[in-house]
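Have a look at query.txt below; it lists compact mmCIF, C-alpha atoms.
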```
# COMPACT_ATOMS: atom_id res chain seq x y z
CA MET A 3 -16.28 12.36 0.78
CA ARG A 4 -14.82 13.45 -2.53
CA LYS A 5 -14.15 9.85 -3.51
CA ILE A 6 -17.69 8.77 -2.67
CA LEU A 7 -19.08 11.64 -4.72
CA PHE A 8 -16.87 10.71 -7.65
CA ILE A 9 -17.85 7.04 -7.56
CA THR A 10 -21.53 7.93 -7.29
CA LEU A 11 -21.35 10.27 -10.27
CA LEU A 12 -19.38 7.69 -12.19
CA ALA A 13 -21.98 5.00 -11.55
CA ILE A 14 -24.87 7.29 -12.52
CA THR A 15 -23.08 8.29 -15.71
CA ALA A 16 -22.25 4.72 -16.63
CA LEU A 17 -25.78 3.49 -16.09
CA GLY A 18 -27.25 6.44 -17.95
CA LEU A 19 -25.38 5.85 -21.21
CA LYS A 20 -27.85 3.61 -22.96
CA ASN A 21 -26.30 3.97 -26.37
CA ALA A 22 -22.78 3.11 -25.35
CA ASN A 23 -22.38 -0.60 -25.82
CA ALA A 24 -20.41 -2.99 -27.92
CA GLN A 25 -23.41 -4.18 -29.91
CA THR A 26 -23.38 -1.03 -31.96
CA GLY A 27 -20.26 -2.31 -33.62
CA LEU A 28 -21.03 -6.00 -33.69
CA ASN A 29 -18.53 -8.02 -35.71
CA ASN A 30 -16.39 -4.91 -35.88
CA ASN A 31 -13.92 -5.93 -33.17
CA SER A 32 -15.36 -2.96 -31.35
CA ASP A 33 -14.30 -4.37 -28.01
CA TRP A 34 -10.74 -3.63 -29.08
CA LYS A 35 -11.45 -0.10 -30.25
CA VAL A 36 -11.76 1.30 -26.76
CA PRO A 37 -9.02 2.63 -24.49
CA VAL A 38 -6.81 0.18 -22.69
CA PRO A 39 -8.42 -0.48 -19.31
CA SER A 40 -5.45 0.49 -17.15
CA VAL A 41 -4.73 3.34 -14.82
CA ASN A 42 -1.59 5.24 -13.96
CA THR A 43 -0.73 4.33 -10.38
CA THR A 44 2.61 6.02 -10.15
CA ALA A 45 0.65 9.13 -9.29
CA PRO A 46 0.48 8.90 -5.51
CA PHE A 47 4.21 8.83 -5.03
CA ILE A 48 6.72 11.27 -3.74
CA ARG A 49 10.02 10.75 -5.39
CA VAL A 50 13.25 11.24 -3.48
CA ILE A 51 16.31 11.22 -5.64
CA VAL A 52 19.48 10.23 -3.85
CA PRO A 53 22.26 11.30 -6.19
CA PRO A 54 25.49 9.32 -6.24
CA THR A 55 28.35 10.83 -4.25
CA PRO A 56 30.12 13.30 -6.55
CA THR A 57 33.85 13.22 -6.97
CA MET A 58 35.64 16.00 -5.15
CA PRO A 59 36.71 18.75 -7.54
CA PRO A 60 40.41 19.58 -7.60
CA MET A 61 41.25 22.31 -5.15
CA PRO A 62 43.56 25.09 -6.27
CA GLY A 63 46.98 24.79 -4.76
CA VAL A 64 46.48 21.23 -3.59
CA PRO A 65 48.16 18.61 -5.76
CA ALA A 66 45.94 15.81 -6.92
CA VAL A 67 46.42 12.56 -5.10
CA SER A 68 48.18 10.19 -7.42
CA PRO A 69 47.20 6.56 -7.38
CA ILE A 70 49.27 4.20 -5.33
CA PRO A 71 52.01 2.85 -7.59
CA SER A 72 51.99 -0.85 -8.01
CA LEU A 73 54.84 -2.96 -6.79
CA PRO A 74 57.47 -3.86 -9.35
CA THR A 75 57.51 -7.25 -10.93
CA GLY A 76 58.03 -9.94 -8.39
CA GLY A 77 56.15 -8.15 -5.65
CA LEU A 78 59.35 -6.82 -4.08
CA MET A 79 59.59 -3.35 -2.75
CA PRO A 80 62.39 -1.28 -4.23
CA GLY A 81 65.44 -1.03 -2.10
CA VAL A 82 65.73 1.91 0.23
CA PRO A 83 68.76 4.03 -0.67
CA GLY A 84 71.32 4.42 2.05
CA PRO A 85 71.88 7.71 3.85
CA PRO A 86 74.17 10.13 2.13
CA SER A 87 77.76 10.17 3.37
CA ILE A 88 78.61 13.00 5.74
CA PRO A 89 80.93 15.39 4.00
CA PRO A 90 84.15 16.10 5.83
CA GLY A 91 84.35 19.28 7.77
CA PRO A 92 86.16 22.32 6.48
CA GLY A 93 89.30 21.42 8.40
CA ALA A 94 89.17 17.72 7.92
CA ASN A 95 92.53 17.54 6.18
CA THR A 96 94.38 19.41 8.90
CA SER A 97 95.69 17.77 11.99
CA ALA A 98 93.88 20.30 14.10
CA GLY A 99 90.64 19.43 12.42
CA GLN A 100 91.18 15.76 13.02
CA ALA A 101 91.94 16.48 16.58
CA SER A 102 88.79 18.50 16.98
CA GLN A 103 86.71 15.74 15.40
CA ASN A 104 88.16 13.15 17.65
CA ASN A 105 87.80 15.28 20.68
CA SER A 106 84.28 16.07 21.80
CA THR A 107 80.90 17.38 20.86
CA GLY A 108 81.72 20.77 22.17
CA ALA A 109 84.12 21.23 19.36
CA ARG A 110 81.45 20.10 16.87
CA ALA A 111 79.12 22.65 18.28
CA ASN A 112 81.64 25.32 17.66
CA SER A 113 82.10 24.10 14.12
CA ALA A 114 78.38 23.99 13.46
CA ALA A 115 78.01 27.49 14.78
CA GLY A 116 80.06 28.62 11.86
CA GLY A 117 82.93 29.90 13.88
CA GLN A 118 86.52 29.46 12.84
CA GLN A 119 87.76 26.06 13.84
CA SER A 120 90.23 26.49 16.68
CA ALA A 121 92.94 24.10 17.75
CA THR A 122 92.14 24.33 21.46
CA ALA A 123 90.68 21.25 23.12
CA ALA A 124 87.56 21.67 25.20
CA SER A 125 87.92 21.01 28.90
CA PHE A 126 85.04 20.29 31.21
CA PRO A 127 85.01 20.75 34.98
CA ASP A 128 85.06 17.67 37.10
CA THR A 129 81.71 16.30 38.20
CA PRO A 130 81.20 17.24 41.81
CA ILE A 131 80.72 14.32 44.12
CA LEU A 132 78.11 14.91 46.78
CA PRO A 133 78.67 13.66 50.25
CA PRO A 134 76.63 10.64 51.31
CA VAL A 135 73.19 11.38 52.68
CA PRO A 136 72.91 10.56 56.29
CA PRO A 137 70.20 8.09 57.21
CA ILE A 138 66.96 9.50 58.50
CA THR A 139 66.58 8.89 62.11
CA PRO A 140 63.36 7.08 62.93
CA LEU A 141 60.73 9.00 64.79
CA PRO A 142 58.97 6.66 67.19
CA GLU A 143 56.05 9.03 67.66
CA LEU A 144 55.05 8.73 63.96
CA ARG A 145 54.95 4.97 63.80
CA PHE A 146 51.73 3.20 63.28
CA PRO A 147 50.53 1.38 66.25
CA THR A 148 51.15 -2.32 66.03
CA SER A 149 48.25 -4.53 66.68
CA MET B 101 5.14 36.19 61.13
CA THR B 102 6.12 38.84 58.68
CA ILE B 103 7.58 38.13 55.22
CA SER B 104 9.69 40.72 53.56
CA ALA B 105 8.89 41.96 50.10
CA ASN B 106 12.20 40.65 48.80
CA ARG B 107 11.36 37.13 49.91
CA LEU B 108 7.90 37.39 48.39
CA ILE B 109 9.44 38.31 45.06
CA LYS B 110 11.78 35.31 45.21
CA ILE B 111 8.96 32.90 46.06
CA GLY B 112 6.82 34.32 43.27
CA PHE B 113 9.65 33.96 40.81
CA ILE B 114 10.16 30.31 41.77
CA PHE B 115 6.46 29.59 41.39
CA ALA B 116 6.37 31.27 38.01
CA LEU B 117 9.44 29.34 36.89
CA THR B 118 7.88 26.06 38.00
CA ALA B 119 4.65 26.85 36.19
CA ILE B 120 6.52 27.61 32.96
CA LEU B 121 8.53 24.41 33.20
CA PHE B 122 5.34 22.37 33.52
CA HIS B 123 3.79 24.07 30.52
CA PRO B 124 6.37 23.86 27.75
CA ASN B 125 3.75 24.72 25.13
CA HIS B 126 4.23 28.29 26.08
CA ALA B 127 7.96 28.12 25.60
CA LEU B 128 8.08 29.94 22.30
CA SER B 129 11.80 30.24 21.85
CA GLN B 130 12.10 27.18 19.53
CA ASN B 131 8.96 27.67 17.48
CA ASN B 132 10.52 29.48 14.56
CA PHE B 133 13.25 26.91 14.29
CA GLU B 134 10.85 24.02 14.47
CA LYS B 135 8.54 25.57 11.90
CA GLY B 136 11.44 26.01 9.53
CA LEU B 137 12.52 22.44 10.04
CA SER B 138 8.99 21.21 9.47
CA LYS B 139 8.83 23.04 6.17
CA LYS B 140 11.91 21.22 4.96
CA MET B 141 12.62 17.71 6.16
CA ASP B 142 9.42 17.06 8.01
CA SER B 143 7.34 18.17 5.05
CA LEU B 144 8.50 15.06 3.26
CA ILE B 145 7.14 12.87 6.01
CA ALA B 146 3.96 14.85 6.40
CA GLU B 147 3.07 14.74 2.73
CA LYS B 148 0.48 12.28 1.50
CA GLY B 149 1.43 9.24 -0.48
CA HIS B 150 4.25 6.78 -0.55
CA VAL B 151 7.88 7.71 -0.84
CA ILE B 152 10.25 6.08 -3.27
CA ILE B 153 13.94 6.56 -2.62
CA SER B 154 16.24 5.84 -5.52
CA GLN B 155 18.79 7.36 -7.82
CA THR B 156 16.58 7.53 -10.88
CA MET B 157 13.40 9.30 -11.92
CA LEU B 158 10.08 7.65 -12.67
CA PRO B 159 7.83 8.92 -15.46
CA ASN B 160 5.59 11.74 -14.40
CA ASN B 161 2.22 10.93 -12.95
CA SER B 162 -0.23 11.92 -15.65
CA VAL B 163 -1.73 9.79 -18.41
CA SER B 164 0.99 8.95 -20.92
CA SER B 165 -1.05 6.81 -23.30
CA ILE B 166 -4.69 5.89 -23.82
CA MET B 167 -4.86 3.20 -26.47
CA THR B 168 -1.64 1.39 -25.57
CA PRO B 169 -0.38 -0.05 -22.28
CA SER B 170 2.71 1.01 -20.38
CA GLY B 171 5.63 -1.01 -19.11
CA TRP B 172 5.41 0.62 -15.70
CA GLY B 173 3.76 -0.98 -12.72
CA SER B 174 2.68 0.55 -9.47
CA TYR B 175 4.32 0.43 -6.06
CA GLY B 176 2.08 -0.76 -3.28
CA THR B 177 -1.49 -1.98 -3.11
CA TYR B 178 -4.28 -0.12 -4.85
CA ALA B 179 -7.86 -0.65 -5.82
CA PHE B 180 -8.56 1.17 -9.02
CA GLY B 181 -11.39 1.95 -11.35
CA VAL B 182 -11.19 3.22 -14.90
CA VAL B 183 -13.72 4.20 -17.54
CA GLY B 184 -12.73 4.74 -21.13
CA GLY B 185 -14.63 5.59 -24.23
CA VAL B 186 -14.44 6.40 -27.93
CA TYR B 187 -16.76 8.41 -30.13
CA PRO B 188 -17.57 7.39 -32.74
CA THR B 189 -16.45 3.79 -32.95
CA ALA B 190 -15.01 2.82 -36.31
CA TYR B 191 -17.59 2.11 -39.00
CA THR B 192 -20.44 3.34 -36.78
CA ASN B 193 -21.79 6.63 -35.55
CA GLU B 194 -22.15 5.44 -31.99
CA PRO B 195 -19.93 5.81 -28.95
CA ASP B 196 -18.51 2.85 -27.11
CA LEU B 197 -17.37 2.49 -23.52
CA ILE B 198 -15.33 0.15 -21.41
CA SER B 199 -14.86 0.11 -17.66
CA ALA B 200 -12.59 -1.88 -15.41
CA PHE B 201 -12.19 -2.38 -11.68
CA GLY B 202 -9.30 -4.19 -10.13
CA LEU B 203 -6.45 -4.53 -7.72
CA THR B 204 -2.73 -3.97 -8.09
CA PHE B 205 -0.05 -4.92 -5.60
CA GLY B 206 3.66 -5.59 -5.25
CA ASN B 207 6.96 -3.77 -5.49
CA PRO B 208 8.28 -3.91 -9.07
CA SER B 209 11.76 -2.83 -8.02
CA ARG B 210 12.33 -5.76 -5.67
CA TRP B 211 9.94 -8.37 -7.02
CA VAL B 212 7.09 -7.73 -9.42
CA ASN B 213 3.90 -5.77 -9.50
CA VAL B 214 0.73 -7.63 -10.35
CA SER B 215 -2.38 -5.94 -11.67
CA ALA B 216 -5.60 -7.91 -11.98
CA SER B 217 -8.88 -6.40 -13.06
CA VAL B 218 -12.26 -7.19 -14.54
CA ASN B 219 -13.63 -5.37 -17.57
CA ILE B 220 -17.22 -4.52 -18.27
CA THR B 221 -17.20 -3.87 -21.97
CA ARG B 222 -20.92 -3.33 -22.40
CA VAL B 223 -21.17 -0.71 -19.73
CA SER B 224 -24.82 0.21 -20.11
CA GLU B 225 -25.90 -3.41 -19.71
CA LEU B 226 -23.22 -4.38 -17.17
CA LYS B 227 -22.20 -7.44 -19.14
CA ASP B 228 -19.58 -8.63 -21.60
CA LEU B 229 -17.09 -9.31 -18.83
CA SER B 230 -13.43 -10.09 -19.39
CA ALA B 231 -10.23 -10.06 -17.35
CA ASN B 232 -6.86 -8.32 -17.41
CA LEU B 233 -3.71 -9.67 -15.81
CA VAL B 234 -0.45 -7.75 -16.05
CA VAL B 235 2.91 -8.36 -14.36
CA SER B 236 5.47 -5.55 -14.27
CA ARG B 237 9.08 -5.44 -13.25
CA ALA B 238 11.54 -2.54 -13.08
CA ILE B 239 14.74 -3.27 -14.98
CA PHE B 240 17.99 -1.47 -15.65
CA GLU B 241 17.91 2.17 -14.66
CA SER B 242 14.60 4.03 -14.90
CA SER B 243 13.05 1.39 -17.13
CA SER B 244 10.38 -1.20 -16.71
CA ILE B 245 8.77 -4.04 -18.62
CA SER B 246 5.32 -5.48 -18.37
CA VAL B 247 3.88 -8.70 -19.69
CA GLY B 248 0.20 -9.36 -19.64
CA GLY B 249 -3.10 -10.19 -21.12
CA LEU B 250 -5.99 -7.84 -21.80
CA GLN B 251 -9.67 -8.68 -22.23
CA LEU B 252 -9.11 -12.36 -21.53
CA PHE B 253 -11.83 -14.98 -21.18
CA ALA B 254 -14.49 -12.92 -22.93
CA ASN B 255 -17.70 -14.71 -23.78
CA PRO B 256 -17.82 -15.27 -27.58
CA ASP B 257 -21.61 -15.16 -27.49
CA VAL B 258 -21.53 -11.61 -26.16
CA SER B 259 -18.27 -10.04 -27.28
CA ASP B 260 -17.47 -9.19 -30.90
CA ALA B 261 -13.75 -9.62 -30.14
CA PRO B 262 -13.49 -12.62 -27.80
CA GLU B 263 -9.87 -13.32 -28.60
CA GLY B 264 -7.60 -12.19 -25.79
CA THR B 265 -4.75 -9.77 -26.27
CA TYR B 266 -1.29 -10.71 -25.04
CA TYR B 267 1.52 -8.21 -25.03
CA ILE B 268 4.95 -7.27 -23.78
CA ALA B 269 5.93 -3.63 -23.30
CA PHE B 270 9.11 -1.80 -22.40
CA SER B 271 9.03 1.72 -20.98
CA HIS B 272 11.78 4.14 -20.18
CA ALA B 273 11.84 7.50 -18.43
CA VAL B 274 14.42 9.82 -19.94
CA GLN B 275 16.58 11.01 -17.06
CA SER B 276 17.89 14.14 -18.70
CA VAL B 277 14.46 15.78 -18.95
CA GLU B 278 13.13 16.57 -15.51
CA SER B 279 9.47 17.10 -14.73
CA LYS B 280 8.04 20.21 -13.13
CA ARG B 281 7.38 17.92 -10.20
CA PRO B 282 10.73 17.14 -8.57
CA GLY B 283 11.90 13.57 -8.86
CA PHE B 284 9.97 12.69 -11.99
CA ALA B 285 10.93 12.63 -15.64
CA ALA B 286 9.02 14.73 -18.15
CA LEU B 287 9.84 12.59 -21.16
CA GLY B 288 9.13 8.90 -21.51
CA TYR B 289 8.38 6.33 -24.13
CA THR B 290 7.03 2.82 -24.50
CA ILE B 291 7.53 0.20 -27.19
CA GLY B 292 5.94 -3.20 -27.29
CA PHE B 293 4.43 -6.01 -29.24
CA GLY B 294 1.06 -7.60 -28.85
CA THR B 295 -1.56 -9.78 -30.43
CA GLY B 296 -5.31 -9.23 -30.58
CA ARG B 297 -6.14 -5.57 -30.47
CA PHE B 298 -2.63 -4.59 -31.54
CA LEU B 299 -2.50 -6.94 -34.49
CA ARG B 300 -5.85 -7.84 -35.97
CA LYS B 301 -7.80 -5.36 -38.01
CA SER B 302 -11.56 -5.11 -38.11
CA PRO B 303 -13.54 -7.33 -40.51
CA PHE B 304 -14.70 -4.08 -42.07
CA ASP B 305 -11.08 -3.17 -42.74
CA VAL B 306 -10.57 -6.53 -44.40
CA ALA B 307 -13.67 -5.99 -46.49
CA ALA B 308 -12.44 -2.54 -47.47
CA GLY B 309 -9.16 -4.01 -48.69
CA LYS B 310 -7.02 -2.56 -45.87
CA GLY B 311 -5.48 -5.86 -44.94
CA LYS B 312 -6.04 -8.29 -42.16
CA TYR B 313 -3.18 -7.47 -39.83
CA GLY B 314 -1.64 -4.37 -38.38
CA THR B 315 1.94 -4.12 -37.24
CA GLY B 316 1.51 -5.78 -33.87
CA PHE B 317 4.17 -3.39 -32.63
CA PHE B 318 2.88 -0.47 -30.65
CA GLY B 319 4.54 2.50 -29.03
CA SER B 320 3.97 5.81 -27.37
CA ILE B 321 5.96 8.86 -26.43
CA SER B 322 4.91 11.31 -23.77
CA TYR B 323 6.15 14.75 -22.83
CA GLU B 324 5.07 17.01 -19.98
CA VAL B 325 4.35 20.47 -21.34
CA PHE B 326 2.97 21.94 -18.13
CA LYS B 327 3.02 20.65 -14.59
CA GLN B 328 1.21 17.31 -14.64
CA VAL B 329 -0.09 17.91 -18.16
CA ASN B 330 1.25 15.59 -20.85
CA ILE B 331 0.98 15.47 -24.60
CA ASN B 332 1.25 12.00 -26.06
CA ALA B 333 1.63 10.42 -29.46
CA GLU B 334 0.96 6.74 -29.85
CA TRP B 335 0.90 4.07 -32.49
CA THR B 336 -1.65 1.45 -31.53
CA GLY B 337 -0.44 -1.21 -33.92
CA LEU B 338 -3.33 -0.32 -36.21
CA ASN B 339 -3.37 3.45 -36.28
CA LEU B 340 -1.99 6.74 -35.02
CA GLY B 341 -3.35 8.84 -32.19
CA PHE B 342 -2.57 11.91 -30.14
CA SER B 343 -3.73 12.62 -26.65
CA THR B 344 -3.22 14.68 -23.55
CA GLY B 345 -3.29 13.57 -19.95
CA PHE B 346 -3.66 15.59 -16.79
CA ARG B 347 -4.65 15.46 -13.16
CA PRO B 348 -7.43 17.99 -12.60
CA ILE B 349 -7.61 17.91 -8.80
CA LYS B 350 -4.66 18.81 -6.66
CA ASN B 351 -3.65 16.13 -4.15
CA SER B 352 -6.00 13.69 -5.85
CA ASN B 353 -5.00 10.66 -7.86
CA LEU B 354 -7.77 11.16 -10.38
CA THR B 355 -6.35 11.11 -13.90
CA ILE B 356 -8.01 12.17 -17.13
CA GLY B 357 -6.92 11.49 -20.67
CA LEU B 358 -8.40 12.98 -23.85
CA GLY B 359 -7.36 12.55 -27.44
CA VAL B 360 -8.02 11.46 -30.97
CA THR B 361 -7.28 8.18 -32.68
CA ASN B 362 -7.58 6.52 -36.09
CA LEU B 363 -5.90 9.43 -37.81
CA LEU B 364 -4.63 7.27 -40.68
CA THR B 365 -7.92 6.06 -42.12
CA ASN B 366 -6.20 4.64 -45.20
CA TYR B 367 -4.53 2.07 -42.99
CA SER B 368 -7.47 1.10 -40.76
CA GLY B 369 -10.84 2.46 -39.70
CA ASP B 370 -12.98 4.89 -41.57
CA ARG B 371 -13.09 7.96 -39.40
CA VAL B 372 -11.24 9.77 -36.67
CA GLY B 373 -12.54 9.06 -33.18
CA VAL B 374 -12.35 11.03 -29.97
CA ILE B 375 -11.07 9.01 -27.03
CA GLY B 376 -11.15 9.64 -23.32
CA THR B 377 -10.30 7.87 -20.11
CA LEU B 378 -10.96 8.51 -16.45
CA GLY B 379 -9.05 6.62 -13.77
CA LEU B 380 -8.79 6.66 -10.01
CA PRO B 381 -6.39 4.52 -7.96
CA ILE B 382 -7.11 4.30 -4.23
CA SER B 383 -4.28 3.26 -1.95
CA LEU B 384 -5.08 0.39 0.40
CA ASP B 385 -1.93 0.40 2.49
CA LYS B 386 -0.38 2.85 4.87
CA LYS B 387 2.39 5.21 4.02
CA GLN B 388 5.43 3.26 2.93
CA PHE B 389 8.97 3.91 1.83
CA TYR B 390 10.13 2.01 -1.24
CA ARG B 391 13.67 1.56 -2.46
```
Would you kindly transcribe this structure into structure tokens?
Amino acid sequence: MRKILFITLLAITALGLKNANAQTGLNNNSDWKVPVPSVNTTAPFIRVIVPPTPTMPPMPGVPAVSPIPSLPTGGLMPGVPGPPSIPPGPGANTSAGQASQNNSTGARANSAAGGQQSATAASFPDTPILPPVPPITPLPELRFPTS
Amino acid sequence: MTISANRLIKIGFIFALTAILFHPNHALSQNNFEKGLSKKMDSLIAEKGHVIISQTMLPNNSVSSIMTPSGWGSYGTYAFGVVGGVYPTAYTNEPDLISAFGLTFGNPSRWVNVSASVNITRVSELKDLSANLVVSRAIFESSSISVGGLQLFANPDVSDAPEGTYYIAFSHAVQSVESKRPGFAALGYTIGFGTGRFLRKSPFDVAAGKGKYGTGFFGSISYEVFKQVNINAEWTGLNLGFSTGFRPIKNSNLTIGLGVTNLLTNYSGDRVGVIGTLGLPISLDKKQFYR
């Protein structure tokens, strides 16, 4: 309704302006002295700005992730260093110490516990041998019936 | 058969529960949440007009120049009408009008936007017809160019300036100055070069010893001082002008521009003129999302 009213008023106004014509400025390039006949049509839009994903700010206490180092020349990975050699135990130079090292893990456990290395050898009890299990006697009353 | 009161209460409760389940409009528990959601995300969908999704801002939506064209094109299909006028015209004491009606279509971000219209330069007599054809394309970030012709194919027996005007214009929306309307830029400018109305001075200027040609280069700069109210300065190729543009009706695409031109009368023209323009684009397609 508003548009129709506007167009109607516009038409009445345009037709009513008798003095507004190019002939008043004949040979004056008057056709160029009027506004550019264009209209702004960006008006009806709603603009949604999608900002680019921001970079994550550094967090306190968390070290920044360093970039992945490039491989050395030749594309070969650096060699992995071997494991460090196990230092000898406190009593490694003594005969008792050697005996304890050659003996068993029980002695190592004692050494790791920080106790004084003793010269006694650990002895374990013999593994008991269970008697053989007797076979289960079949129970005829539990058998499935044969077809 | 007798029914105990306890059983009656249970049956009534089940009936009431069934009735509520079949009438979810009365389930009010989610209304506040849904209203809040509608005010935020759904308001975008419910709002009138097209939606452009991008990472840059367009120029704001008021008139940014009156006597010079812009590099921006429209998104979508529109029928538009525009009436412009000047009072007084140079070297006369009379006003002069021009009107145009046309069609614009296309997406300048993906392809091009084309604007074609017909001018009626002698408005009171509905004659002195000519044509405009402009092609626009968005380039770079928040910039656009347009190439076109204005007032083409005018009848030399009727028009006092039958030569067509051809131009190229570049416009940019400054991203660091945001408009009062979210998503738009408050500051923008246009530079361009053209023939015809941007280059050739009036025969009266030539007779007055002001030269035959202007610069041919034109430009404008526009800044939004209030919401949807711009102030503009423009060099028309022949003279300097200032104007303001605004949208008087909320939720309407009607645009109005008012200003003055021919401020440098030593360069061209003989008096300052008041200029005005009235434009209305009408969308012809349904709500669309542009990227």
Between atom CA of Ser244 of chain B and atom CA of Gly206 of chain B - distance in Å to one decimal: 14.0 Å
Minimum-distance residue to chain A, chosen among B:Ser352, B:Ser209, B:Thr118, B:Thr365 (using only C-alpha atoms): B:Ser352
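Minimum atom-to-atom distance to Tyr178 of chain B, evaluated using all atoms listed in the file, belongs to B:Ala216 out of B:Ala216, B:Ser276, B:Asn255, B:Glu194.
Nearest residue to chain A, choosing from B:Asn330, B:Ser279, B:Ser322, B:Thr355 and counting all atoms listed in the file: B:Thr355.
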Which residues are close to segment 281-290 of chain B, i.e. within 7 Å by all atoms listed in the file, leaving aside same-chain residues fewer than 5 positions away? Reply as a PyMOL selection string. (chain A and resi 49-51) or (chain B and resi 157-160+170-171+269-275+319-324+327)
Same residues, C-alpha atoms, output as a tab-separated table (two decimals), in the frame of the given file:
```
chain	number	residue	atom	x	y	z
A	49	ARG	CA	10.02	10.75	-5.39
A	50	VAL	CA	13.25	11.24	-3.48
A	51	ILE	CA	16.31	11.22	-5.64
B	157	MET	CA	13.40	9.30	-11.92
B	158	LEU	CA	10.08	7.65	-12.67
B	159	PRO	CA	7.83	8.92	-15.46
B	160	ASN	CA	5.59	11.74	-14.40
B	170	SER	CA	2.71	1.01	-20.38
B	171	GLY	CA	5.63	-1.01	-19.11
B	269	ALA	CA	5.93	-3.63	-23.30
B	270	PHE	CA	9.11	-1.80	-22.40
B	271	SER	CA	9.03	1.72	-20.98
B	272	HIS	CA	11.78	4.14	-20.18
B	273	ALA	CA	11.84	7.50	-18.43
B	274	VAL	CA	14.42	9.82	-19.94
B	275	GLN	CA	16.58	11.01	-17.06
B	319	GLY	CA	4.54	2.50	-29.03
B	320	SER	CA	3.97	5.81	-27.37
B	321	ILE	CA	5.96	8.86	-26.43
B	322	SER	CA	4.91	11.31	-23.77
B	323	TYR	CA	6.15	14.75	-22.83
B	324	GLU	CA	5.07	17.01	-19.98
B	327	LYS	CA	3.02	20.65	-14.59
```
Skipping near chain neighbours, those fewer than 4 positions away, what residues fall within 6 Å of Gly316 of chain B using all atoms listed in the file, listed as a PDB file with C-alpha atoms, in the coordinates of the input?
```
ATOM      1  CA  PHE B 293       4.430  -6.010 -29.240  1.00  0.00           C
ATOM      2  CA  GLY B 294       1.060  -7.600 -28.850  1.00  0.00           C
ATOM      3  CA  PHE B 298      -2.630  -4.590 -31.540  1.00  0.00           C
ATOM      4  CA  LEU B 299      -2.500  -6.940 -34.490  1.00  0.00           C
ATOM      5  CA  GLY B 337      -0.440  -1.210 -33.920  1.00  0.00           C
TER       6      GLY B 337
END
```
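If you measure from each of B:Ile331, B:Ile109, B:Val183, B:Ile268 to chain A using all atoms listed in the file, the closest one turns out to be B:Val183.
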Separation of atom CA of Val277 of chain B from atom CA of Ile239 of chain B in Å: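 If I compute the distance from atom CA of Ile239 of chain B to atom CA of Val277 of chain B, I get 19.5 Å.
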What gap, in Å, lies between atom CA of Lys5 of chain A and atom CA of Asp228 of chain B? 26.4 Å
Using only C-alpha atoms, which of the listed residues (B:Ala116, B:Val223, B:Ala105, B:Ile356) sits closest to chain A?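 Closest to chain A of all the choices is B:Val223.
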Residues within 7 Å of Ser199 of chain B, please, as a short mmCIF file (atom, residue, chain, number, x, y, z; two decimals) with C-alpha atoms, in the frame of the given file. Count all atoms listed in the file; anything in the same chain fewer than 6 positions from it doesn't count.
```cif
data_model
loop_
_atom_site.label_atom_id
_atom_site.label_comp_id
_atom_site.auth_asym_id
_atom_site.auth_seq_id
_atom_site.Cartn_x
_atom_site.Cartn_y
_atom_site.Cartn_z
CA PRO A 39 -8.42 -0.48 -19.31
CA VAL B 182 -11.19 3.22 -14.90
CA VAL B 183 -13.72 4.20 -17.54
CA GLY B 184 -12.73 4.74 -21.13
CA ASN B 219 -13.63 -5.37 -17.57
CA ILE B 220 -17.22 -4.52 -18.27
CA THR B 221 -17.20 -3.87 -21.97
CA VAL B 223 -21.17 -0.71 -19.73
#
```
Between B:Ala261, B:Ile120, B:Ile291, B:Leu250, which has the minimum distance to chain A (counting all atoms listed in the file)?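 Checking each of B:Ala261, B:Ile120, B:Ile291, B:Leu250 against chain A, counting all atoms listed in the file, the winner is B:Ala261.
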List the spatial neighbours of Phe8 of chain A as a PDB file with C-alpha atoms, in the frame of the given file - criterion: any atom at most 12 Å away, all atoms listed in the file, same-chain residues fewer than 4 positions off excluded.
```pdb
ATOM      1  CA  MET A   3     -16.280  12.360   0.780  1.00  0.00           C
ATOM      2  CA  ARG A   4     -14.820  13.450  -2.530  1.00  0.00           C
ATOM      3  CA  LEU A  12     -19.380   7.690 -12.190  1.00  0.00           C
ATOM      4  CA  ALA A  13     -21.980   5.000 -11.550  1.00  0.00           C
ATOM      5  CA  ILE A  14     -24.870   7.290 -12.520  1.00  0.00           C
ATOM      6  CA  THR A  15     -23.080   8.290 -15.710  1.00  0.00           C
TER       7      THR A  15
ATOM      8  CA  GLY B 181     -11.390   1.950 -11.350  1.00  0.00           C
ATOM      9  CA  VAL B 182     -11.190   3.220 -14.900  1.00  0.00           C
ATOM     10  CA  ILE B 349      -7.610  17.910  -8.800  1.00  0.00           C
ATOM     11  CA  SER B 352      -6.000  13.690  -5.850  1.00  0.00           C
ATOM     12  CA  ASN B 353      -5.000  10.660  -7.860  1.00  0.00           C
ATOM     13  CA  LEU B 354      -7.770  11.160 -10.380  1.00  0.00           C
ATOM     14  CA  LEU B 378     -10.960   8.510 -16.450  1.00  0.00           C
ATOM     15  CA  GLY B 379      -9.050   6.620 -13.770  1.00  0.00           C
ATOM     16  CA  LEU B 380      -8.790   6.660 -10.010  1.00  0.00           C
TER      17      LEU B 380
END
```
From (-7.6, -3.9, -13.0), in the file's coordinates, out to 6 Å: which residues are reached, counting only C-alpha atoms? Answer as a ChimeraX atom specification. /B:200-203,215-218
Excluding Tyr367 of chain B and residues on its chain fewer than 6 positions from it, collect all residues at most 10 Å away from it, counting only C-alpha atoms, and give them as a list in words.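 So, after excluding close chain neighbours, the residues are Lys301, Asp305, Gly309, Lys310, Gly311, Gly314, Leu338, Asn339 and Leu340 of chain B.
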